[in-house]
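Text of the file work.cif, holding mmCIF, C-alpha atoms and all ligand atoms:
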data_structure
#
loop_
_atom_site.label_atom_id
_atom_site.label_comp_id
_atom_site.auth_asym_id
_atom_site.auth_seq_id
_atom_site.Cartn_x
_atom_site.Cartn_y
_atom_site.Cartn_z
CA MET U 798 27.87 8.02 -21.14
CA LYS U 799 24.47 6.41 -21.23
CA PHE U 800 22.35 4.84 -18.51
CA ILE U 801 18.80 3.60 -18.14
CA VAL U 802 16.38 3.70 -15.24
CA LEU U 803 13.50 1.25 -15.01
CA ALA U 804 10.31 2.42 -13.28
CA TYR U 805 8.14 -0.18 -11.53
CA HIS U 806 5.14 0.37 -9.24
CA HIS U 807 3.56 -2.88 -8.07
CA ILE U 808 4.83 -6.45 -8.02
CA ASN U 809 1.67 -8.48 -7.42
CA TYR U 810 -1.06 -10.50 -9.10
CA GLU U 811 -3.59 -7.75 -9.85
CA LYS U 812 -4.61 -7.65 -13.50
CA ARG U 813 -3.39 -4.16 -14.39
CA PRO U 814 -0.62 -3.23 -16.85
CA ASP U 815 1.48 -1.56 -14.12
CA CYS U 816 1.18 -4.55 -11.77
CA VAL U 817 4.06 -6.84 -12.73
CA SER U 818 3.53 -10.42 -11.64
CA PRO U 819 6.22 -11.89 -9.36
CA GLY U 820 6.97 -14.47 -12.09
CA ASN U 821 7.54 -11.82 -14.75
CA PHE U 822 9.56 -9.70 -12.31
CA GLU U 823 11.85 -12.65 -11.60
CA SER U 824 12.40 -13.20 -15.32
CA HIS U 825 13.24 -9.48 -15.72
CA LEU U 826 15.92 -9.82 -13.02
CA LYS U 827 17.37 -12.96 -14.63
CA ILE U 828 17.50 -11.28 -18.04
CA LEU U 829 19.33 -8.25 -16.64
CA LEU U 830 21.99 -10.51 -15.13
CA GLU U 831 22.28 -12.60 -18.29
CA LYS U 832 22.78 -9.43 -20.33
CA GLY U 833 25.60 -8.36 -18.06
CA PHE U 834 23.81 -5.52 -16.30
CA LYS U 835 24.73 -4.95 -12.69
CA PRO U 836 21.98 -2.65 -11.41
CA ARG U 837 23.20 0.14 -9.13
CA HIS U 838 21.31 2.50 -6.87
CA LEU U 839 20.28 5.66 -8.65
CA ASN U 840 22.20 7.82 -6.18
CA GLU U 841 25.38 5.82 -6.91
CA ILE U 842 24.93 6.37 -10.63
CA ILE U 843 24.35 10.10 -10.14
CA ALA U 844 27.47 10.35 -7.99
CA SER U 845 29.68 8.41 -10.44
CA PRO U 846 28.09 7.31 -13.69
CA HIS U 847 29.50 4.42 -15.69
CA ASP U 848 28.57 3.69 -19.24
CA LYS U 849 25.74 1.12 -19.61
CA ASP U 850 24.63 1.66 -16.02
CA LEU U 851 21.14 0.53 -15.12
CA SER U 852 18.96 1.31 -12.14
CA ILE U 853 15.73 -0.31 -10.95
CA THR U 854 13.25 1.99 -9.22
CA PHE U 855 9.85 1.55 -7.57
CA ASP U 856 7.39 4.39 -7.01
CA ASP U 857 4.96 4.92 -4.09
CA GLY U 858 6.24 2.36 -1.57
CA TYR U 859 3.54 -0.28 -1.80
CA LEU U 860 3.43 -3.23 0.59
CA ASP U 861 3.93 -5.61 -2.35
CA ASN U 862 7.48 -4.22 -2.76
CA TRP U 863 8.23 -5.87 0.58
CA VAL U 864 6.11 -8.99 0.09
CA TYR U 865 7.21 -9.93 -3.45
CA ALA U 866 9.91 -7.61 -4.85
CA PHE U 867 12.40 -7.51 -1.98
CA PRO U 868 12.74 -11.33 -1.58
CA LEU U 869 13.35 -11.63 -5.33
CA LEU U 870 15.91 -8.79 -5.33
CA LYS U 871 17.62 -10.57 -2.45
CA LYS U 872 17.57 -13.93 -4.24
CA TYR U 873 19.61 -12.43 -7.10
CA SER U 874 21.51 -9.81 -5.04
CA ILE U 875 20.12 -7.02 -7.17
CA LYS U 876 19.95 -3.41 -5.99
CA ALA U 877 16.90 -1.17 -6.34
CA THR U 878 15.66 2.25 -5.24
CA ILE U 879 12.22 2.76 -3.67
CA PHE U 880 10.65 6.23 -3.75
CA ILE U 881 8.33 6.62 -0.77
CA SER U 882 5.82 9.35 0.09
CA THR U 883 6.40 10.05 3.77
CA GLY U 884 2.71 10.78 4.37
CA ARG U 885 1.67 7.40 3.00
CA ILE U 886 3.35 4.94 5.36
CA CYS U 887 1.66 2.02 7.14
CA LEU U 888 1.71 2.82 10.84
CA GLU U 889 -0.36 -0.19 11.86
CA ALA U 890 2.27 -2.92 11.44
CA PRO U 891 4.64 -2.82 14.42
CA SER U 892 6.94 -5.48 12.99
CA PRO U 893 7.71 -6.49 9.39
CA ARG U 894 4.87 -8.47 7.84
CA TYR U 895 5.38 -11.88 6.24
CA ASN U 896 6.91 -11.97 2.78
CA LEU U 897 7.82 -14.47 0.08
CA GLU U 898 11.01 -15.45 1.89
CA ASP U 899 8.88 -16.85 4.73
CA VAL U 900 7.16 -19.07 2.18
CA TRP U 901 10.49 -20.28 0.76
CA THR U 902 11.75 -21.15 4.25
CA LYS U 903 8.42 -22.92 4.97
CA LYS U 904 7.65 -20.64 7.90
CA ILE U 905 4.22 -19.94 6.43
CA LYS U 906 2.02 -21.15 3.59
CA LYS U 907 1.63 -18.92 0.56
CA LYS U 908 -1.98 -18.15 1.47
CA GLU U 909 -0.77 -16.63 4.74
CA LEU U 910 1.05 -13.82 2.94
CA PRO U 911 -0.45 -10.36 3.57
CA LEU U 912 -3.44 -9.62 1.41
CA ILE U 913 -2.62 -7.10 -1.31
CA GLU U 914 -5.57 -4.82 -2.02
CA SER U 915 -6.26 -3.35 -5.44
CA HIS U 916 -4.29 -0.32 -6.62
CA PHE U 917 -7.48 1.76 -6.60
CA ASN U 918 -8.47 0.80 -3.04
CA ILE U 919 -5.02 1.32 -1.55
CA ASN U 920 -4.75 4.77 -3.07
CA THR U 921 -8.32 5.88 -2.39
CA LYS U 922 -7.68 5.38 1.31
CA SER U 923 -4.34 7.14 1.29
CA PHE U 924 -5.73 10.65 1.83
CA ASP U 925 -7.99 9.96 4.78
CA GLU U 926 -6.18 9.97 8.10
CA LYS U 927 -8.76 7.64 9.62
CA ASP U 928 -8.21 4.98 6.99
CA SER U 929 -5.67 2.19 7.30
CA LYS U 930 -2.48 2.56 5.25
CA GLU U 931 -1.93 -1.20 5.24
CA GLY U 932 -1.34 -1.20 1.49
CA PHE U 933 1.89 0.75 1.99
CA LEU U 934 5.26 -0.15 3.50
CA SER U 935 5.83 0.38 7.22
CA TRP U 936 8.94 2.11 8.59
CA GLU U 937 10.08 -1.25 10.01
CA GLU U 938 9.94 -2.89 6.59
CA ILE U 939 11.61 0.13 5.00
CA LYS U 940 14.43 0.04 7.57
CA PHE U 941 14.90 -3.70 7.14
CA MET U 942 15.26 -3.33 3.37
CA ALA U 943 17.55 -0.30 3.67
CA GLU U 944 19.79 -2.11 6.15
CA SER U 945 20.20 -5.01 3.71
CA GLY U 946 22.15 -2.62 1.47
CA LEU U 947 20.12 -3.79 -1.51
CA VAL U 948 17.37 -1.19 -1.28
CA ASP U 949 17.97 2.53 -1.24
CA ILE U 950 15.11 4.76 -0.07
CA GLN U 951 14.54 8.17 -1.66
CA SER U 952 11.74 10.74 -1.70
CA HIS U 953 8.47 10.73 -3.62
CA GLY U 954 7.24 13.81 -1.72
CA ALA U 955 5.00 13.70 1.31
CA SER U 956 1.34 13.62 0.32
CA HIS U 957 1.24 12.44 -3.33
CA LYS U 958 -1.76 14.73 -3.65
CA MET U 959 -3.39 15.98 -6.78
CA ILE U 960 -4.75 19.53 -6.39
CA PHE U 961 -7.21 21.64 -8.31
CA ALA U 962 -5.15 24.04 -10.38
CA SER U 963 -7.70 26.19 -12.23
CA PRO U 964 -11.40 27.22 -12.10
CA GLU U 965 -12.14 25.15 -15.19
CA ILE U 966 -14.43 22.22 -14.49
CA THR U 967 -13.37 19.12 -16.41
CA ASP U 968 -15.74 16.53 -14.94
CA TYR U 969 -18.04 15.69 -12.03
CA ASN U 970 -17.20 13.15 -9.38
CA LYS U 971 -18.91 9.77 -9.43
CA GLY U 972 -16.20 7.77 -7.68
CA GLN U 973 -13.83 7.50 -10.63
CA TYR U 974 -10.90 9.52 -9.19
CA TRP U 975 -8.99 7.86 -6.36
CA TRP U 976 -7.19 11.13 -5.53
CA ILE U 977 -10.34 13.24 -5.10
CA LYS U 978 -10.22 13.38 -1.29
CA GLY U 979 -6.68 14.73 -1.45
CA ALA U 980 -7.81 17.59 -3.68
CA THR U 981 -10.95 18.47 -1.75
CA GLY U 982 -9.78 17.96 1.82
CA GLY U 983 -11.81 14.80 2.32
CA ASP U 984 -14.92 15.48 0.23
CA SER U 985 -15.79 12.68 -2.18
CA ARG U 986 -19.53 13.27 -2.60
CA ASN U 987 -21.05 12.30 -5.90
CA GLY U 988 -21.65 15.25 -8.19
CA ILE U 989 -18.98 17.62 -6.87
CA PRO U 990 -17.04 19.35 -9.64
CA VAL U 991 -13.64 18.09 -10.68
CA TYR U 992 -11.51 21.05 -11.77
CA GLN U 993 -8.37 21.01 -13.90
CA HIS U 994 -5.87 19.26 -11.69
CA ARG U 995 -2.13 18.89 -11.31
CA SER U 996 0.36 17.35 -8.94
CA ALA U 997 0.59 19.27 -5.64
CA ILE U 998 4.18 20.34 -6.35
CA ALA U 999 3.53 21.53 -9.89
CA ALA U 1000 0.89 24.23 -9.41
CA ARG U 1001 -0.59 26.83 -7.15
CA LYS U 1002 -3.78 25.53 -5.60
CA PHE U 1003 -7.22 26.71 -6.68
CA CYS U 1004 -9.50 26.57 -3.64
CA ASP U 1005 -12.91 25.83 -5.06
CA ASP U 1006 -16.20 27.13 -3.69
CA ILE U 1007 -17.93 24.89 -1.15
CA LYS U 1008 -21.32 26.35 -2.14
CA ILE U 1009 -20.93 24.92 -5.62
CA ARG U 1010 -19.97 21.53 -4.23
CA ASN U 1011 -22.99 21.57 -1.88
CA LEU U 1012 -25.34 22.58 -4.69
CA LEU U 1013 -24.25 19.84 -7.08
CA ALA U 1014 -23.80 17.09 -4.48
CA GLY U 1015 -27.28 17.99 -3.17
CA HIS U 1016 -28.71 17.80 -6.67
CA VAL U 1017 -27.27 14.34 -7.23
CA ASN U 1018 -28.17 13.15 -3.73
CA SER U 1019 -31.83 14.09 -4.06
CA ARG U 1020 -32.03 12.32 -7.44
CA GLY U 1021 -30.84 8.87 -6.48
CA GLU U 1022 -27.02 9.23 -6.11
CA MET U 1023 -25.39 6.76 -8.56
CA ASP U 1024 -28.74 6.19 -10.30
CA PHE U 1025 -28.64 9.84 -11.36
CA PHE U 1026 -25.62 9.09 -13.60
CA LYS U 1027 -27.58 6.45 -15.51
CA LYS U 1028 -29.37 9.25 -17.36
CA ASN U 1029 -27.71 10.22 -20.63
CA SER U 1030 -28.24 13.88 -19.85
CA TRP U 1031 -26.66 13.87 -16.38
CA LYS U 1032 -23.69 16.03 -17.32
CA LYS U 1033 -25.80 18.60 -19.12
CA GLU U 1034 -28.14 18.72 -16.14
CA LEU U 1035 -25.27 19.49 -13.74
CA ASP U 1036 -23.82 22.10 -16.14
CA THR U 1037 -27.21 23.83 -16.34
CA THR U 1038 -27.80 23.68 -12.57
CA LEU U 1039 -24.44 25.34 -12.04
CA MET U 1040 -25.02 27.98 -14.71
CA GLU U 1041 -28.38 28.94 -13.25
CA PHE U 1042 -26.86 29.20 -9.79
CA LEU U 1043 -23.94 31.32 -10.96
CA GLU U 1044 -26.00 33.72 -13.05
CA GLY U 1045 -24.50 37.14 -12.55
CA LYS U 1046 -22.41 35.93 -9.63
CA ASN U 1047 -18.79 35.01 -9.62
CA LEU U 1048 -18.52 32.37 -6.92
CA HIS U 1049 -15.68 30.45 -8.38
CA GLY U 1050 -13.25 30.12 -5.51
CA VAL U 1051 -9.86 31.68 -4.76
CA TRP U 1052 -6.17 30.96 -5.29
CA GLU U 1053 -4.20 29.88 -2.26
CA PRO U 1054 -2.08 32.67 -0.75
CA GLU U 1055 1.57 32.80 -1.82
CA GLU U 1056 2.76 31.93 1.69
CA GLU U 1057 0.63 28.78 1.86
CA PHE U 1058 1.87 27.73 -1.56
CA LYS U 1059 5.49 28.07 -0.41
CA GLU U 1060 4.78 26.17 2.79
CA ARG U 1061 3.14 23.36 0.84
CA LEU U 1062 6.17 23.00 -1.40
CA LYS U 1063 8.44 22.91 1.62
CA TYR U 1064 6.29 20.25 3.23
CA GLU U 1065 6.38 18.05 0.15
CA ILE U 1066 10.01 18.61 -0.80
CA ASP U 1067 12.05 19.64 2.26
CA LEU U 1068 10.17 17.79 4.96
CA SER U 1069 9.93 14.47 3.09
CA ARG U 1070 13.73 14.58 2.71
CA LYS U 1071 14.27 15.39 6.38
CA THR U 1072 11.91 12.64 7.52
CA ILE U 1073 13.72 10.00 5.45
CA GLU U 1074 17.10 11.21 6.67
CA GLN U 1075 16.01 11.14 10.31
CA LYS U 1076 14.25 7.79 10.15
CA LEU U 1077 16.95 5.98 8.19
CA GLU U 1078 20.06 7.95 9.22
CA LYS U 1079 21.23 8.27 5.65
CA GLU U 1080 21.29 10.94 2.99
CA CYS U 1081 18.22 11.53 0.85
CA SER U 1082 19.37 13.19 -2.37
CA ILE U 1083 17.00 12.05 -5.11
CA PHE U 1084 13.41 13.04 -5.68
CA CYS U 1085 10.82 11.37 -7.86
CA TYR U 1086 8.03 13.65 -9.14
CA PRO U 1087 4.59 12.34 -8.15
CA TRP U 1088 2.55 11.96 -11.34
CA GLY U 1089 5.76 12.89 -13.19
CA GLU U 1090 4.76 16.57 -13.06
CA TYR U 1091 7.01 19.53 -12.24
CA GLU U 1092 7.70 23.17 -13.05
CA THR U 1093 10.76 25.42 -12.86
CA PHE U 1094 9.81 26.50 -9.33
CA THR U 1095 9.68 22.80 -8.31
CA VAL U 1096 13.23 22.26 -9.52
CA ASP U 1097 14.39 25.47 -7.76
CA ARG U 1098 12.87 24.24 -4.50
CA LEU U 1099 14.50 20.81 -4.93
CA LYS U 1100 17.93 22.34 -5.45
CA ASN U 1101 17.38 24.64 -2.50
CA ALA U 1102 16.42 21.70 -0.29
CA GLY U 1103 19.64 19.87 -1.18
CA TYR U 1104 18.52 17.27 -3.72
CA ARG U 1105 20.97 16.35 -6.47
CA ALA U 1106 18.63 14.77 -9.01
CA ALA U 1107 15.00 13.97 -9.79
CA ALA U 1108 13.25 11.26 -11.78
CA THR U 1109 10.42 11.88 -14.24
CA PHE U 1110 8.10 9.68 -16.24
CA ASN U 1111 9.58 10.79 -19.55
CA SER U 1112 10.43 7.64 -21.38
CA GLY U 1113 13.96 7.13 -22.63
CA ALA U 1114 17.60 6.54 -21.75
CA ASN U 1115 19.82 9.19 -20.14
CA ASN U 1116 23.05 10.58 -21.50
CA ASP U 1117 25.51 13.44 -20.91
CA GLU U 1118 22.93 15.97 -22.05
CA THR U 1119 20.17 14.85 -19.67
CA SER U 1120 19.54 17.31 -16.85
CA PRO U 1121 19.88 15.52 -13.48
CA PHE U 1122 16.53 17.09 -12.50
CA SER U 1123 14.68 15.51 -15.39
CA LEU U 1124 15.96 11.97 -15.50
CA ASN U 1125 14.19 9.78 -18.00
CA ARG U 1126 12.86 6.38 -17.02
CA ILE U 1127 11.36 3.40 -18.77
CA PRO U 1128 7.96 2.54 -17.27
CA VAL U 1129 7.96 -1.26 -16.97
CA LEU U 1130 4.64 -3.03 -17.45
CA ASN U 1131 3.68 -6.64 -16.88
CA TRP U 1132 5.92 -7.79 -19.73
CA ASN U 1133 6.92 -11.38 -20.31
CA SER U 1134 10.59 -12.23 -21.02
CA LYS U 1135 10.36 -11.67 -24.75
CA LYS U 1136 8.72 -8.26 -24.45
CA PHE U 1137 11.12 -7.21 -21.67
CA VAL U 1138 14.16 -8.09 -23.80
CA LYS U 1139 12.70 -6.18 -26.75
CA GLU U 1140 11.98 -3.04 -24.68
CA ILE U 1141 15.32 -3.01 -22.87
CA SER U 1142 17.24 -3.55 -26.10
CA SER U 1143 15.51 -0.61 -27.74
CA PHE U 1144 16.88 1.73 -25.05
CA SER U 1145 20.29 0.25 -24.26
ZN ZN K 1201 3.62 7.94 -7.49
#
Final structure tokens representation of the file:
Amino acid sequence: MKFIVLAYHHINYEKRPDCVSPGNFESHLKILLEKGFKPRHLNEIIASPHDKDLSITFDDGYLDNWVYAFPLLKKYSIKATIFISTGRICLEAPSPRYNLEDVWTKKIKKKELPLIESHFNINTKSFDEKDSKEGFLSWEEIKFMAESGLVDIQSHGASHKMIFASPEITDYNKGQYWWIKGATGGDSRNGIPVYQHRSAIAARKFCDDIKIRNLLAGHVNSRGEMDFFKKNSWKKELDTTLMEFLEGKNLHGVWEPEEEFKERLKYEIDLSRKTIEQKLEKECSIFCYPWGEYETFTVDRLKNAGYRAAATFNSGANNDETSPFSLNRIPVLNWNSKKFVKEISSFS
């Protein structure tokens, strides 16, 4: 028994490898049908696998899944699974926004489709409660897709946060990490240290020292903010400032208490499942690891919470030996028809 799972993120026109253009996505769907694949929902495959099964999945629940992907899935009657993070839902759109189908039926012009922001901007804003989550799906859109029977909704955790996971500094912030506010609790000042980081469900959290953040952010702020980083020696200067400050002292932060760690896992794993089940009145049984990262304790928590399988970012097909809690997927990039055929053939 062998089956493959395709992993998409965005279907839109942004020039990034993981943003598949609607045109290329449509050719992928046509090719799958031509090759005799009949994509099934991942939970259907887990419940009763058939040989040569194939499943299409989307991670993160971006608005473009509704605007571009869903109308195309509908056009070809193809099933897909969307993994949503329940803490990253658009709450500002009371009714489903326009999508490609409204263009096909001449209800609107193409330019009236919702504006799709860049991947970086959508995600940067996803950790600040005050910021709009317009780049993500709304519950109304999610329900509409789920009710069509074509889209199955499963869990991608709650927060999609990255956390600091050790006292080792790997870099300093200068706006290059879209997840930084999630790790720091809202602090994205230039110059603050970036510690070794991991997905929120794959590590115990290292709570860094605010004094160190204040020291380094202050240093950068008083020396011209972004201009400070134009100097070749900026990194060395921050390293030295920190070393001088720490001399003889050990102000490196603390590990989160065991209880908080357990609560955090429950929030991400158990609560995201419950929220989906309550909102959509259906079973949520599959998890998709944010950032593809997990540990044994993550899998234990998933099993405990009632999940039956989990998807990774390990590339490959699945067979009888694959553990249901480490399902392989094929990350699909903005491939044209030829490249898509080549990639799919190498796995099927
Ligand atoms: Zn993700």
Set out as JSON lines a contact list for chain U and ligand ZN 1201 (chain K) with a cut-off of 6 Å, giving each residue of chain U that qualifies its closest atom pair and distance in Å to one decimal, counting all atoms listed in the file, ordered by chain and rising residue number.
{"residue": "U:Asp856", "atom": "CA", "partner": "K:ZN1201", "partner_atom": "ZN", "distance": 5.2}
{"residue": "U:Asp857", "atom": "CA", "partner": "K:ZN1201", "partner_atom": "ZN", "distance": 4.7}
{"residue": "U:Pro1087", "atom": "CA", "partner": "K:ZN1201", "partner_atom": "ZN", "distance": 4.6}
{"residue": "U:Trp1088", "atom": "CA", "partner": "K:ZN1201", "partner_atom": "ZN", "distance": 5.7}
May I have the residues from that selection written out with C-alpha atoms, as a short mmCIF file (atom, residue, chain, number, x, y, z; two decimals), in the coordinates of the input?
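Output saved as result-v6.cif:
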data_model
loop_
_atom_site.label_atom_id
_atom_site.label_comp_id
_atom_site.auth_asym_id
_atom_site.auth_seq_id
_atom_site.Cartn_x
_atom_site.Cartn_y
_atom_site.Cartn_z
CA ASP U 856 7.39 4.39 -7.01
CA ASP U 857 4.96 4.92 -4.09
CA PRO U 1087 4.59 12.34 -8.15
CA TRP U 1088 2.55 11.96 -11.34
#
**Complete:** A straight line from CA of Ala844 (chain U) to CA of Asp1097 (chain U) spans 20.0 Å
**Item:** Selected residue, from U:Asp861, U:Ser935, U:Ser874, U:Thr967, that lies nearest to Leu910 (chain U) when counting all atoms listed in the file
**Value:**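 For Leu910 (chain U), the nearest of the candidates is U:Asp861.
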**Asked** By how many Å are CA of Asn1133 (chain U) and CA of Lys832 (chain U) apart?
**Response**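 For CA of Asn1133 (chain U) relative to CA of Lys832 (chain U), the distance reads 16.0 Å.
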**Request:** Compare U:Asp850, U:Asp1024, U:Asp949, U:Asp1006 by their minimum atom-to-atom distance to Lys1079 (chain U), counting all atoms listed in the file, and give me the closest one.
**Result:**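 Under the stated criterion, the closest residue is U:Asp949.
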**Item:** Atom-to-atom span, CA of Gly972 (chain U) and CA of Met1040 (chain U), Å
**Value:** 23.1 Å
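Of the residues under consideration (U:Glu1080, U:Val1138, U:Leu1012, U:Trp976), U:Val1138 shows the shortest atom-to-atom contact distance to Leu830 (chain U) when counting only C-alpha atoms.
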Since the input is missing atoms, can you rebuild N, CA and C atoms for region 1010-1025 of chain U and write them as a short mmCIF file (atom, residue, chain, number, x, y, z; two decimals), in the coordinates of the input?
data_model
loop_
_atom_site.label_atom_id
_atom_site.label_comp_id
_atom_site.auth_asym_id
_atom_site.auth_seq_id
_atom_site.Cartn_x
_atom_site.Cartn_y
_atom_site.Cartn_z
N ARG U 1010 -20.00 22.97 -4.57
CA ARG U 1010 -19.97 21.53 -4.23
C ARG U 1010 -21.28 21.11 -3.58
N ASN U 1011 -21.75 21.91 -2.59
CA ASN U 1011 -22.99 21.57 -1.88
C ASN U 1011 -24.18 21.52 -2.83
N LEU U 1012 -24.23 22.51 -3.73
CA LEU U 1012 -25.34 22.58 -4.69
C LEU U 1012 -25.40 21.31 -5.55
N LEU U 1013 -24.25 20.95 -6.12
CA LEU U 1013 -24.25 19.84 -7.08
C LEU U 1013 -24.36 18.48 -6.39
N ALA U 1014 -23.68 18.35 -5.23
CA ALA U 1014 -23.80 17.09 -4.48
C ALA U 1014 -25.25 16.92 -4.01
N GLY U 1015 -25.87 18.02 -3.61
CA GLY U 1015 -27.28 17.99 -3.17
C GLY U 1015 -28.19 17.57 -4.32
N HIS U 1016 -27.91 18.12 -5.48
CA HIS U 1016 -28.71 17.80 -6.67
C HIS U 1016 -28.66 16.29 -6.96
N VAL U 1017 -27.46 15.77 -6.92
CA VAL U 1017 -27.27 14.34 -7.23
C VAL U 1017 -27.88 13.47 -6.11
N ASN U 1018 -27.67 13.91 -4.88
CA ASN U 1018 -28.17 13.15 -3.73
C ASN U 1018 -29.69 13.04 -3.73
N SER U 1019 -30.37 14.13 -4.10
CA SER U 1019 -31.83 14.09 -4.06
C SER U 1019 -32.41 13.40 -5.30
N ARG U 1020 -31.54 12.99 -6.21
CA ARG U 1020 -32.03 12.32 -7.44
C ARG U 1020 -31.45 10.92 -7.58
N GLY U 1021 -31.19 10.30 -6.44
CA GLY U 1021 -30.84 8.87 -6.48
C GLY U 1021 -29.36 8.53 -6.49
N GLU U 1022 -28.47 9.49 -6.14
CA GLU U 1022 -27.02 9.23 -6.11
C GLU U 1022 -26.54 8.57 -7.42
N MET U 1023 -25.99 7.35 -7.36
CA MET U 1023 -25.39 6.76 -8.56
C MET U 1023 -26.42 6.53 -9.67
N ASP U 1024 -27.70 6.36 -9.28
CA ASP U 1024 -28.74 6.19 -10.30
C ASP U 1024 -28.86 7.43 -11.19
N PHE U 1025 -28.57 8.59 -10.60
CA PHE U 1025 -28.64 9.84 -11.36
C PHE U 1025 -27.75 9.78 -12.61
#
